[in-house]
$ cat structure01.tsv   # TSV, N, CA and C atoms
chain	number	residue	atom	x	y	z
A	1	MET	N	0.83	-1.16	0.00
A	1	MET	CA	0.00	0.00	0.00
A	1	MET	C	0.89	1.24	0.00
A	2	ARG	N	0.56	2.18	-0.82
A	2	ARG	CA	1.34	3.40	-0.96
A	2	ARG	C	0.66	4.56	-0.21
A	3	LEU	N	1.44	5.30	0.59
A	3	LEU	CA	0.89	6.44	1.32
A	3	LEU	C	0.82	7.67	0.42
A	4	PRO	N	-0.21	8.49	0.59
A	4	PRO	CA	-0.24	9.75	-0.14
A	4	PRO	C	0.95	10.62	0.26
A	5	ARG	N	1.35	11.53	-0.63
A	5	ARG	CA	2.50	12.39	-0.36
A	5	ARG	C	2.37	13.15	0.96
A	6	CYS	N	1.22	13.68	1.25
A	6	CYS	CA	1.07	14.47	2.48
A	6	CYS	C	1.23	13.59	3.72
A	7	ALA	N	0.87	12.31	3.65
A	7	ALA	CA	1.05	11.41	4.79
A	7	ALA	C	2.52	11.21	5.08
A	8	GLY	N	3.34	11.09	4.05
A	8	GLY	CA	4.79	10.95	4.23
A	8	GLY	C	5.38	12.17	4.93
A	9	ALA	N	4.93	13.36	4.54
A	9	ALA	CA	5.41	14.59	5.17
A	9	ALA	C	4.98	14.64	6.64
A	10	GLY	N	3.77	14.17	6.93
A	10	GLY	CA	3.30	14.12	8.31
A	10	GLY	C	4.13	13.18	9.15
A	11	LEU	N	4.51	12.03	8.59
A	11	LEU	CA	5.36	11.10	9.32
A	11	LEU	C	6.72	11.71	9.60
A	12	LEU	N	7.26	12.45	8.64
A	12	LEU	CA	8.54	13.11	8.83
A	12	LEU	C	8.43	14.13	9.96
A	13	LEU	N	7.36	14.90	9.99
A	13	LEU	CA	7.16	15.90	11.03
A	13	LEU	C	7.05	15.24	12.40
A	14	VAL	N	6.31	14.15	12.52
A	14	VAL	CA	6.20	13.43	13.79
A	14	VAL	C	7.56	12.92	14.21
A	15	SER	N	8.34	12.41	13.28
A	15	SER	CA	9.68	11.92	13.58
A	15	SER	C	10.56	13.05	14.12
A	16	MET	N	10.48	14.22	13.50
A	16	MET	CA	11.28	15.36	13.94
A	16	MET	C	10.84	15.82	15.33
A	17	LEU	N	9.55	15.85	15.59
A	17	LEU	CA	9.07	16.28	16.89
A	17	LEU	C	9.50	15.30	17.98
A	18	SER	N	9.50	14.03	17.69
A	18	SER	CA	9.92	13.04	18.67
A	18	SER	C	11.38	13.24	19.04
A	19	THR	N	12.22	13.54	18.05
A	19	THR	CA	13.63	13.77	18.31
A	19	THR	C	13.81	15.01	19.18
A	20	ASN	N	13.07	16.08	18.89
A	20	ASN	CA	13.20	17.28	19.70
A	20	ASN	C	12.74	17.06	21.12
A	21	GLU	N	11.72	16.22	21.32
A	21	GLU	CA	11.29	15.90	22.68
A	21	GLU	C	12.38	15.17	23.43
A	22	ALA	N	13.07	14.26	22.76
A	22	ALA	CA	14.17	13.54	23.40
A	22	ALA	C	15.30	14.50	23.74
A	23	ALA	N	15.57	15.45	22.86
A	23	ALA	CA	16.63	16.42	23.11
A	23	ALA	C	16.27	17.33	24.27
A	24	ALA	N	14.99	17.56	24.49
A	24	ALA	CA	14.56	18.43	25.59
A	24	ALA	C	14.90	17.83	26.95
A	25	GLU	N	15.14	16.54	27.01
A	25	GLU	CA	15.53	15.91	28.26
A	25	GLU	C	16.94	16.30	28.66
A	26	VAL	N	17.76	16.67	27.71
A	26	VAL	CA	19.11	17.16	28.00
A	26	VAL	C	18.99	18.64	28.35
A	27	LYS	N	19.60	19.03	29.44
A	27	LYS	CA	19.49	20.40	29.93
A	27	LYS	C	20.82	21.12	29.80
A	28	ALA	N	20.73	22.44	29.63
A	28	ALA	CA	21.90	23.30	29.61
A	28	ALA	C	21.62	24.46	30.54
A	29	LEU	N	22.50	24.71	31.49
A	29	LEU	CA	22.29	25.82	32.41
A	29	LEU	C	23.61	26.45	32.81
A	30	SER	N	23.52	27.68	33.22
A	30	SER	CA	24.65	28.37	33.83
A	30	SER	C	24.17	28.94	35.16
A	31	ARG	N	25.12	29.10	36.08
A	31	ARG	CA	24.84	29.72	37.37
A	31	ARG	C	25.93	30.75	37.62
A	32	ALA	N	25.55	31.83	38.27
A	32	ALA	CA	26.53	32.87	38.61
A	32	ALA	C	26.34	33.28	40.06
A	33	ASN	N	27.45	33.46	40.72
A	33	ASN	CA	27.47	34.06	42.06
A	33	ASN	C	26.71	33.24	43.10
A	34	CYS	N	26.69	31.93	42.95
A	34	CYS	CA	26.06	31.07	43.95
A	34	CYS	C	26.96	31.02	45.18
A	35	LEU	N	26.39	31.22	46.32
A	35	LEU	CA	27.13	31.27	47.58
A	35	LEU	C	28.20	32.35	47.52
A	36	GLY	N	28.09	33.26	46.56
A	36	GLY	CA	29.03	34.36	46.45
A	36	GLY	C	30.25	34.09	45.59
A	37	PHE	N	30.52	32.81	45.24
A	37	PHE	CA	31.75	32.53	44.51
A	37	PHE	C	31.68	31.35	43.54
A	38	VAL	N	30.58	30.62	43.46
A	38	VAL	CA	30.46	29.48	42.56
A	38	VAL	C	29.87	29.95	41.24
A	39	ASN	N	30.61	29.71	40.15
A	39	ASN	CA	30.18	30.06	38.80
A	39	ASN	C	30.42	28.85	37.92
A	40	GLU	N	29.39	28.48	37.11
A	40	GLU	CA	29.52	27.26	36.32
A	40	GLU	C	28.53	27.23	35.17
A	41	SER	N	28.85	26.40	34.19
A	41	SER	CA	27.93	26.04	33.12
A	41	SER	C	27.92	24.52	33.04
A	42	VAL	N	26.71	23.95	32.95
A	42	VAL	CA	26.57	22.50	33.02
A	42	VAL	C	25.63	22.02	31.92
A	43	THR	N	26.03	20.96	31.24
A	43	THR	CA	25.19	20.24	30.29
A	43	THR	C	24.93	18.88	30.92
A	44	TYR	N	23.64	18.49	31.03
A	44	TYR	CA	23.36	17.23	31.73
A	44	TYR	C	22.07	16.59	31.23
A	45	ASP	N	22.00	15.28	31.37
A	45	ASP	CA	20.80	14.52	30.99
A	45	ASP	C	20.12	14.04	32.26
A	46	ARG	N	18.99	14.68	32.54
A	46	ARG	CA	18.23	14.30	33.71
A	46	ARG	C	16.76	14.31	33.35
A	47	PRO	N	16.02	13.34	33.68
A	47	PRO	CA	16.23	12.33	34.70
A	47	PRO	C	16.78	11.00	34.18
A	48	LEU	N	17.09	10.89	32.91
A	48	LEU	CA	17.46	9.58	32.36
A	48	LEU	C	18.91	9.19	32.61
A	49	PHE	N	19.80	10.14	32.83
A	49	PHE	CA	21.21	9.86	33.11
A	49	PHE	C	21.87	9.03	32.02
A	50	ARG	N	21.50	9.27	30.75
A	50	ARG	CA	22.15	8.56	29.64
A	50	ARG	C	23.54	9.10	29.42
A	51	ASN	N	24.46	8.25	29.01
A	51	ASN	CA	25.78	8.70	28.61
A	51	ASN	C	25.68	9.25	27.20
A	52	ILE	N	25.82	10.57	27.08
A	52	ILE	CA	25.78	11.24	25.80
A	52	ILE	C	27.15	11.84	25.53
A	53	GLN	N	27.47	12.02	24.27
A	53	GLN	CA	28.69	12.74	23.94
A	53	GLN	C	28.38	14.22	24.00
A	54	GLY	N	29.18	15.00	24.73
A	54	GLY	CA	28.84	16.40	24.89
A	54	GLY	C	29.98	17.25	25.38
A	55	SER	N	29.63	18.50	25.73
A	55	SER	CA	30.62	19.43	26.24
A	55	SER	C	29.92	20.57	26.97
A	56	ALA	N	30.71	21.28	27.76
A	56	ALA	CA	30.27	22.52	28.41
A	56	ALA	C	31.48	23.44	28.50
A	57	ALA	N	31.26	24.69	28.17
A	57	ALA	CA	32.29	25.72	28.33
A	57	ALA	C	31.65	26.89	29.07
A	58	SER	N	32.44	27.60	29.86
A	58	SER	CA	31.93	28.67	30.69
A	58	SER	C	32.86	29.87	30.62
A	59	ARG	N	32.32	31.02	30.29
A	59	ARG	CA	33.08	32.27	30.24
A	59	ARG	C	32.62	33.14	31.40
A	60	HIS	N	33.55	33.55	32.26
A	60	HIS	CA	33.23	34.33	33.45
A	60	HIS	C	33.72	35.76	33.26
A	61	ILE	N	32.76	36.69	33.24
A	61	ILE	CA	33.05	38.10	32.98
A	61	ILE	C	32.64	38.90	34.21
A	62	PRO	N	33.59	39.57	34.86
A	62	PRO	CA	33.20	40.40	35.99
A	62	PRO	C	32.19	41.46	35.55
A	63	GLN	N	31.13	41.63	36.33
A	63	GLN	CA	30.09	42.58	35.95
A	63	GLN	C	30.69	43.99	35.83
A	64	GLY	N	30.35	44.66	34.73
A	64	GLY	CA	30.89	45.97	34.44
A	64	GLY	C	32.11	45.92	33.54
A	65	ASN	N	32.65	44.73	33.29
A	65	ASN	CA	33.81	44.58	32.40
A	65	ASN	C	33.37	44.10	31.03
A	66	ILE	N	34.23	44.26	30.06
A	66	ILE	CA	33.97	43.77	28.71
A	66	ILE	C	34.67	42.44	28.47
A	67	HIS	N	35.87	42.31	29.00
A	67	HIS	CA	36.68	41.12	28.77
A	67	HIS	C	36.49	40.10	29.89
A	68	PRO	N	36.51	38.82	29.52
A	68	PRO	CA	36.34	37.78	30.55
A	68	PRO	C	37.56	37.67	31.46
A	69	LYS	N	37.30	37.27	32.69
A	69	LYS	CA	38.39	36.96	33.62
A	69	LYS	C	39.05	35.66	33.19
A	70	HIS	N	38.21	34.68	32.80
A	70	HIS	CA	38.73	33.41	32.29
A	70	HIS	C	37.63	32.62	31.60
A	71	ASN	N	38.07	31.64	30.82
A	71	ASN	CA	37.18	30.68	30.15
A	71	ASN	C	37.55	29.30	30.66
A	72	LEU	N	36.52	28.49	30.91
A	72	LEU	CA	36.74	27.15	31.43
A	72	LEU	C	36.03	26.13	30.56
A	73	GLY	N	36.59	24.94	30.46
A	73	GLY	CA	35.94	23.83	29.78
A	73	GLY	C	35.80	22.67	30.74
A	74	ALA	N	34.78	21.86	30.53
A	74	ALA	CA	34.60	20.66	31.35
A	74	ALA	C	35.76	19.71	31.08
A	75	PRO	N	36.30	19.08	32.10
A	75	PRO	CA	37.43	18.15	31.90
A	75	PRO	C	37.08	16.97	30.98
A	76	ASN	N	35.81	16.61	30.92
A	76	ASN	CA	35.41	15.46	30.11
A	76	ASN	C	34.81	15.87	28.76
A	77	ASN	N	35.05	17.10	28.31
A	77	ASN	CA	34.52	17.56	27.02
A	77	ASN	C	34.87	16.59	25.89
A	78	GLY	N	33.88	16.31	25.06
A	78	GLY	CA	34.09	15.42	23.92
A	78	GLY	C	33.91	13.95	24.26
A	79	GLY	N	33.85	13.64	25.53
A	79	GLY	CA	33.69	12.26	25.95
A	79	GLY	C	32.22	11.90	26.12
A	80	PHE	N	31.98	10.78	26.78
A	80	PHE	CA	30.61	10.31	27.03
A	80	PHE	C	30.35	10.35	28.52
A	81	SER	N	29.29	11.02	28.90
A	81	SER	CA	28.91	11.15	30.30
A	81	SER	C	27.47	11.63	30.36
A	82	TRP	N	26.88	11.61	31.53
A	82	TRP	CA	25.53	12.17	31.70
A	82	TRP	C	25.64	13.64	32.12
A	83	ARG	N	26.88	14.12	32.46
A	83	ARG	CA	27.04	15.48	32.97
A	83	ARG	C	28.40	16.05	32.58
A	84	PHE	N	28.38	17.29	32.09
A	84	PHE	CA	29.59	18.02	31.73
A	84	PHE	C	29.55	19.36	32.48
A	85	ARG	N	30.54	19.60	33.35
A	85	ARG	CA	30.55	20.81	34.17
A	85	ARG	C	31.82	21.61	33.94
A	86	ALA	N	31.66	22.86	33.55
A	86	ALA	CA	32.76	23.80	33.43
A	86	ALA	C	32.52	24.89	34.46
A	87	GLY	N	33.31	24.91	35.52
A	87	GLY	CA	33.07	25.89	36.56
A	87	GLY	C	34.21	25.97	37.54
A	88	ASP	N	34.09	26.94	38.45
A	88	ASP	CA	35.09	27.10	39.50
A	88	ASP	C	34.47	27.80	40.70
A	89	GLN	N	35.27	27.89	41.75
A	89	GLN	CA	34.86	28.56	42.97
A	89	GLN	C	35.89	29.63	43.34
A	90	SER	N	36.47	30.29	42.34
A	90	SER	CA	37.58	31.20	42.62
A	90	SER	C	37.27	32.67	42.33
A	91	ASP	N	36.02	33.02	42.07
A	91	ASP	CA	35.69	34.38	41.68
A	91	ASP	C	34.88	35.09	42.76
A	92	PRO	N	35.52	35.87	43.63
A	92	PRO	CA	34.77	36.54	44.70
A	92	PRO	C	33.96	37.74	44.19
A	93	GLU	N	34.29	38.28	43.01
A	93	GLU	CA	33.52	39.40	42.49
A	93	GLU	C	32.28	38.91	41.76
A	94	ARG	N	31.31	39.80	41.55
A	94	ARG	CA	30.06	39.45	40.85
A	94	ARG	C	30.37	39.18	39.39
A	95	MET	N	29.81	38.10	38.86
A	95	MET	CA	30.12	37.65	37.51
A	95	MET	C	28.88	37.56	36.63
A	96	LEU	N	29.11	37.74	35.34
A	96	LEU	CA	28.18	37.32	34.29
A	96	LEU	C	28.77	36.01	33.78
A	97	VAL	N	27.98	34.96	33.75
A	97	VAL	CA	28.45	33.66	33.28
A	97	VAL	C	27.74	33.34	31.97
A	98	ARG	N	28.54	33.08	30.93
A	98	ARG	CA	28.01	32.68	29.63
A	98	ARG	C	28.45	31.24	29.36
A	99	GLY	N	27.47	30.40	29.03
A	99	GLY	CA	27.76	29.00	28.78
A	99	GLY	C	27.57	28.63	27.32
A	100	TYR	N	28.36	27.68	26.87
A	100	TYR	CA	28.25	27.12	25.53
A	100	TYR	C	28.15	25.61	25.71
A	101	HIS	N	27.07	25.01	25.23
A	101	HIS	CA	26.77	23.61	25.50
A	101	HIS	C	26.54	22.87	24.18
A	102	THR	N	27.11	21.69	24.07
A	102	THR	CA	26.86	20.85	22.89
A	102	THR	C	26.61	19.42	23.34
A	103	TRP	N	25.82	18.70	22.56
A	103	TRP	CA	25.65	17.27	22.79
A	103	TRP	C	25.12	16.63	21.52
A	104	ILE	N	25.31	15.32	21.46
A	104	ILE	CA	24.81	14.52	20.34
A	104	ILE	C	23.83	13.51	20.91
A	105	LEU	N	22.64	13.48	20.33
A	105	LEU	CA	21.61	12.57	20.78
A	105	LEU	C	20.91	12.00	19.55
A	106	ASP	N	20.81	10.70	19.47
A	106	ASP	CA	20.22	10.04	18.31
A	106	ASP	C	20.89	10.51	17.02
A	107	ARG	N	22.21	10.63	17.08
A	107	ARG	CA	23.05	11.02	15.94
A	107	ARG	C	22.81	12.44	15.45
A	108	LEU	N	22.11	13.27	16.22
A	108	LEU	CA	21.88	14.66	15.85
A	108	LEU	C	22.61	15.58	16.83
A	109	PRO	N	23.32	16.59	16.32
A	109	PRO	CA	24.03	17.53	17.21
A	109	PRO	C	23.11	18.65	17.69
A	110	TYR	N	23.33	19.10	18.92
A	110	TYR	CA	22.57	20.18	19.51
A	110	TYR	C	23.54	21.19	20.13
A	111	VAL	N	23.17	22.46	20.07
A	111	VAL	CA	23.97	23.54	20.65
A	111	VAL	C	23.03	24.46	21.41
A	112	ARG	N	23.42	24.85	22.62
A	112	ARG	CA	22.66	25.81	23.41
A	112	ARG	C	23.63	26.84	23.98
A	113	HIS	N	23.16	28.07	24.11
A	113	HIS	CA	23.91	29.15	24.75
A	113	HIS	C	23.12	29.58	25.98
A	114	THR	N	23.82	29.85	27.06
A	114	THR	CA	23.17	30.32	28.27
A	114	THR	C	23.92	31.56	28.78
A	115	ALA	N	23.22	32.40	29.49
A	115	ALA	CA	23.83	33.58	30.12
A	115	ALA	C	23.04	33.91	31.36
A	116	VAL	N	23.75	34.20	32.46
A	116	VAL	CA	23.07	34.44	33.72
A	116	VAL	C	23.93	35.29	34.65
A	117	VAL	N	23.27	36.03	35.52
A	117	VAL	CA	23.97	36.80	36.56
A	117	VAL	C	23.47	36.41	37.95
A	118	ASP	N	22.64	35.35	38.01
A	118	ASP	CA	22.15	34.89	39.31
A	118	ASP	C	22.37	33.39	39.45
A	119	CYS	N	21.96	32.87	40.57
A	119	CYS	CA	22.26	31.47	40.88
A	119	CYS	C	21.40	30.46	40.12
A	120	ALA	N	20.27	30.89	39.59
A	120	ALA	CA	19.39	30.02	38.79
A	120	ALA	C	19.06	28.72	39.53
A	121	LEU	N	18.69	28.82	40.78
A	121	LEU	CA	18.42	27.63	41.58
A	121	LEU	C	17.21	26.84	41.10
A	122	THR	N	16.28	27.47	40.41
A	122	THR	CA	15.09	26.76	39.94
A	122	THR	C	15.42	25.78	38.83
A	123	GLU	N	16.60	25.83	38.25
A	123	GLU	CA	16.97	24.93	37.16
A	123	GLU	C	17.13	23.49	37.62
A	124	TRP	N	17.49	23.24	38.85
A	124	TRP	CA	17.66	21.87	39.31
A	124	TRP	C	16.34	21.32	39.62
$ encode --input "structure01.tsv" --output "structure tokens"
Amino acid sequence: MRLPRCAGAGLLLVSMLSTNEAAAEVKALSRANCLGFVNESVTYDRPLFRNIQGSAASRHIPQGNIHPKHNLGAPNNGGFSWRFRAGDQSDPERMLVRGYHTWILDRLPYVRHTAVVDCALTEW
């Protein structure tokens, strides 16, 4: 039995939506100035805890400055894990934290950018 052309397009759309729903399970977040000195960007798969190939990078810019104090990468970037964390606890001044997150899920690459000046506690 042959499907009409529009049915094939509908199946493709459903397939694409299913993939995006799976990608939504992977989270990307940044936190700034938590406890006064914790700054980080994290890419993670929760609640499934699947080992995905991914990365996290974090740029820490003192508020009021143009240039970053430093850039950090997760030690396991490019590897397989359920969590990639780029962060430190060495910045006593107020920071703007910009995150760059990548992961591959179901053979499709994803990229997210994050930026924050607060602790973003509701993300967990």
$ atom_distance --input "structure01.tsv" --atom1 "CA of Asn77 in chain A" --atom2 "CA of Tyr110 in chain A"
14.4 Å
$ atom_distance --input "structure01.tsv" --atom1 "CA of Val117 in chain A" --atom2 "CA of Pro75 in chain A"
23.5 Å
$ closest_residue --input "structure01.tsv" --among "A:Ile52, A:Ile61, A:Val26, A:Ile66" --to "Arg94 in chain A" --atoms "only N, CA and C atoms"
A:Ile61
$ closest_residue --input "structure01.tsv" --among "A:Arg46, A:Lys27, A:Gln63, A:Ala57" --to "Glu93 in chain A" --atoms "all atoms listed in the file"
A:Gln63
$ residues_around --input "structure01.tsv" --residues "Gln89 in chain A" --least-positions-apart "5" --cutoff "7 Å" --atoms "all atoms listed in the file" --output "list in words"
Phe37, Val38 and Asn39 of chain A
$ write_last_selection --input "structure01.tsv" --atoms "N, CA and C atoms" --output "short mmCIF file (atom, residue, chain, number, x, y, z; two decimals), keeping the file's coordinate frame"
data_model
loop_
_atom_site.label_atom_id
_atom_site.label_comp_id
_atom_site.auth_asym_id
_atom_site.auth_seq_id
_atom_site.Cartn_x
_atom_site.Cartn_y
_atom_site.Cartn_z
N PHE A 37 30.52 32.81 45.24
CA PHE A 37 31.75 32.53 44.51
C PHE A 37 31.68 31.35 43.54
N VAL A 38 30.58 30.62 43.46
CA VAL A 38 30.46 29.48 42.56
C VAL A 38 29.87 29.95 41.24
N ASN A 39 30.61 29.71 40.15
CA ASN A 39 30.18 30.06 38.80
C ASN A 39 30.42 28.85 37.92
#
$ residues_around --input "structure01.tsv" --residues "Ala115 in chain A" --least-positions-apart "3" --cutoff "6.5 Å" --atoms "all atoms listed in the file" --output "PyMOL selection string"
chain A and resi 30+97-99
$ axis_aligned_box --input "structure01.tsv" --around "range 62-76 of chain A" --padding-each-side "5 Å" --output "JSON"
{"center_x": 34.6, "center_y": 30.7, "center_z": 32.4, "size_x": 19.0, "size_y": 40.5, "size_z": 17.9}
$ atom_distance --input "structure01.tsv" --atom1 "CA of Leu35 in chain A" --atom2 "CA of Pro92 in chain A"
9.7 Å
$ closest_residue --input "structure01.tsv" --among "A:Asp118, A:Arg31, A:Met95, A:Gly36" --to "His60 in chain A" --atoms "only N, CA and C atoms"
A:Met95
$ residues_around --input "structure01.tsv" --residues "Phe49 in chain A" --least-positions-apart "2" --cutoff "8 Å" --atoms "only N, CA and C atoms" --output "mmCIF file with N, CA and C atoms, in the coordinates of the input"
data_model
loop_
_atom_site.group_PDB
_atom_site.id
_atom_site.type_symbol
_atom_site.label_atom_id
_atom_site.label_comp_id
_atom_site.auth_asym_id
_atom_site.auth_seq_id
_atom_site.Cartn_x
_atom_site.Cartn_y
_atom_site.Cartn_z
ATOM 1 N N GLU A 25 15.140 16.540 27.010
ATOM 2 C CA GLU A 25 15.530 15.910 28.260
ATOM 3 C C GLU A 25 16.940 16.300 28.660
ATOM 4 N N TYR A 44 23.640 18.490 31.030
ATOM 5 C CA TYR A 44 23.360 17.230 31.730
ATOM 6 C C TYR A 44 22.070 16.590 31.230
ATOM 7 N N ASP A 45 22.000 15.280 31.370
ATOM 8 C CA ASP A 45 20.800 14.520 30.990
ATOM 9 C C ASP A 45 20.120 14.040 32.260
ATOM 10 N N ARG A 46 18.990 14.680 32.540
ATOM 11 C CA ARG A 46 18.230 14.300 33.710
ATOM 12 C C ARG A 46 16.760 14.310 33.350
ATOM 13 N N PRO A 47 16.020 13.340 33.680
ATOM 14 C CA PRO A 47 16.230 12.330 34.700
ATOM 15 C C PRO A 47 16.780 11.000 34.180
ATOM 16 N N ASN A 51 24.460 8.250 29.010
ATOM 17 C CA ASN A 51 25.780 8.700 28.610
ATOM 18 C C ASN A 51 25.680 9.250 27.200
ATOM 19 N N ILE A 52 25.820 10.570 27.080
ATOM 20 C CA ILE A 52 25.780 11.240 25.800
ATOM 21 C C ILE A 52 27.150 11.840 25.530
ATOM 22 N N SER A 81 29.290 11.020 28.900
ATOM 23 C CA SER A 81 28.910 11.150 30.300
ATOM 24 C C SER A 81 27.470 11.630 30.360
ATOM 25 N N TRP A 82 26.880 11.610 31.530
ATOM 26 C CA TRP A 82 25.530 12.170 31.700
ATOM 27 C C TRP A 82 25.640 13.640 32.120
ATOM 28 N N ARG A 83 26.880 14.120 32.460
ATOM 29 C CA ARG A 83 27.040 15.480 32.970
ATOM 30 C C ARG A 83 28.400 16.050 32.580
#
$ select_by_dssp --input "structure01.tsv" --residues "range 18-109 of chain A" --states "helix (DSSP H, G or I)" --output "tab-separated table (two decimals) with N, CA and C atoms, in the coordinates of the input"
chain	number	residue	atom	x	y	z
A	18	SER	N	9.50	14.03	17.69
A	18	SER	CA	9.92	13.04	18.67
A	18	SER	C	11.38	13.24	19.04
A	19	THR	N	12.22	13.54	18.05
A	19	THR	CA	13.63	13.77	18.31
A	19	THR	C	13.81	15.01	19.18
A	20	ASN	N	13.07	16.08	18.89
A	20	ASN	CA	13.20	17.28	19.70
A	20	ASN	C	12.74	17.06	21.12
A	21	GLU	N	11.72	16.22	21.32
A	21	GLU	CA	11.29	15.90	22.68
A	21	GLU	C	12.38	15.17	23.43
A	22	ALA	N	13.07	14.26	22.76
A	22	ALA	CA	14.17	13.54	23.40
A	22	ALA	C	15.30	14.50	23.74
A	23	ALA	N	15.57	15.45	22.86
A	23	ALA	CA	16.63	16.42	23.11
A	23	ALA	C	16.27	17.33	24.27
A	24	ALA	N	14.99	17.56	24.49
A	24	ALA	CA	14.56	18.43	25.59
A	24	ALA	C	14.90	17.83	26.95
$ residues_around --input "structure01.tsv" --residues "His101 in chain A" --least-positions-apart "6" --cutoff "5 Å" --atoms "only N, CA and C atoms" --output "list in words"
Ser55, Ala56, Val111 and Arg112 of chain A
$ closest_residue --input "structure01.tsv" --among "A:Leu48, A:Cys34, A:Val116, A:Val42" --to "Leu96 in chain A" --atoms "all atoms listed in the file"
A:Val116
$ closest_residue --input "structure01.tsv" --among "A:Trp103, A:Thr114, A:Gly54, A:Asn71" --to "Asp88 in chain A" --atoms "only C-alpha atoms"
A:Asn71
$ build_atoms --input "structure01.tsv" --residues "range 24-36 of chain A" --atoms "N, CA, C and O atoms" --output "CSV table (one decimal), in the frame of the given file"
chain,number,residue,atom,x,y,z
A,24,ALA,N,15.0,17.6,24.5
A,24,ALA,CA,14.6,18.4,25.6
A,24,ALA,C,14.9,17.8,27.0
A,24,ALA,O,15.0,18.5,27.9
A,25,GLU,N,15.1,16.5,27.0
A,25,GLU,CA,15.5,15.9,28.3
A,25,GLU,C,16.9,16.3,28.7
A,25,GLU,O,17.3,16.3,29.8
A,26,VAL,N,17.8,16.7,27.7
A,26,VAL,CA,19.1,17.2,28.0
A,26,VAL,C,19.0,18.6,28.4
A,26,VAL,O,18.3,19.4,27.6
A,27,LYS,N,19.6,19.0,29.4
A,27,LYS,CA,19.5,20.4,29.9
A,27,LYS,C,20.8,21.1,29.8
A,27,LYS,O,21.9,20.5,29.9
A,28,ALA,N,20.7,22.4,29.6
A,28,ALA,CA,21.9,23.3,29.6
A,28,ALA,C,21.6,24.5,30.5
A,28,ALA,O,20.6,25.1,30.4
A,29,LEU,N,22.5,24.7,31.5
A,29,LEU,CA,22.3,25.8,32.4
A,29,LEU,C,23.6,26.4,32.8
A,29,LEU,O,24.7,25.8,32.7
A,30,SER,N,23.5,27.7,33.2
A,30,SER,CA,24.6,28.4,33.8
A,30,SER,C,24.2,28.9,35.2
A,30,SER,O,23.0,29.2,35.3
A,31,ARG,N,25.1,29.1,36.1
A,31,ARG,CA,24.8,29.7,37.4
A,31,ARG,C,25.9,30.8,37.6
A,31,ARG,O,27.1,30.5,37.3
A,32,ALA,N,25.6,31.8,38.3
A,32,ALA,CA,26.5,32.9,38.6
A,32,ALA,C,26.3,33.3,40.1
A,32,ALA,O,25.2,33.4,40.5
A,33,ASN,N,27.4,33.5,40.7
A,33,ASN,CA,27.5,34.1,42.1
A,33,ASN,C,26.7,33.2,43.1
A,33,ASN,O,26.1,33.8,44.0
A,34,CYS,N,26.7,31.9,43.0
A,34,CYS,CA,26.1,31.1,44.0
A,34,CYS,C,27.0,31.0,45.2
A,34,CYS,O,28.2,30.8,45.1
A,35,LEU,N,26.4,31.2,46.3
A,35,LEU,CA,27.1,31.3,47.6
A,35,LEU,C,28.2,32.4,47.5
A,35,LEU,O,29.2,32.3,48.3
A,36,GLY,N,28.1,33.3,46.6
A,36,GLY,CA,29.0,34.4,46.4
A,36,GLY,C,30.2,34.1,45.6
A,36,GLY,O,31.0,35.0,45.2
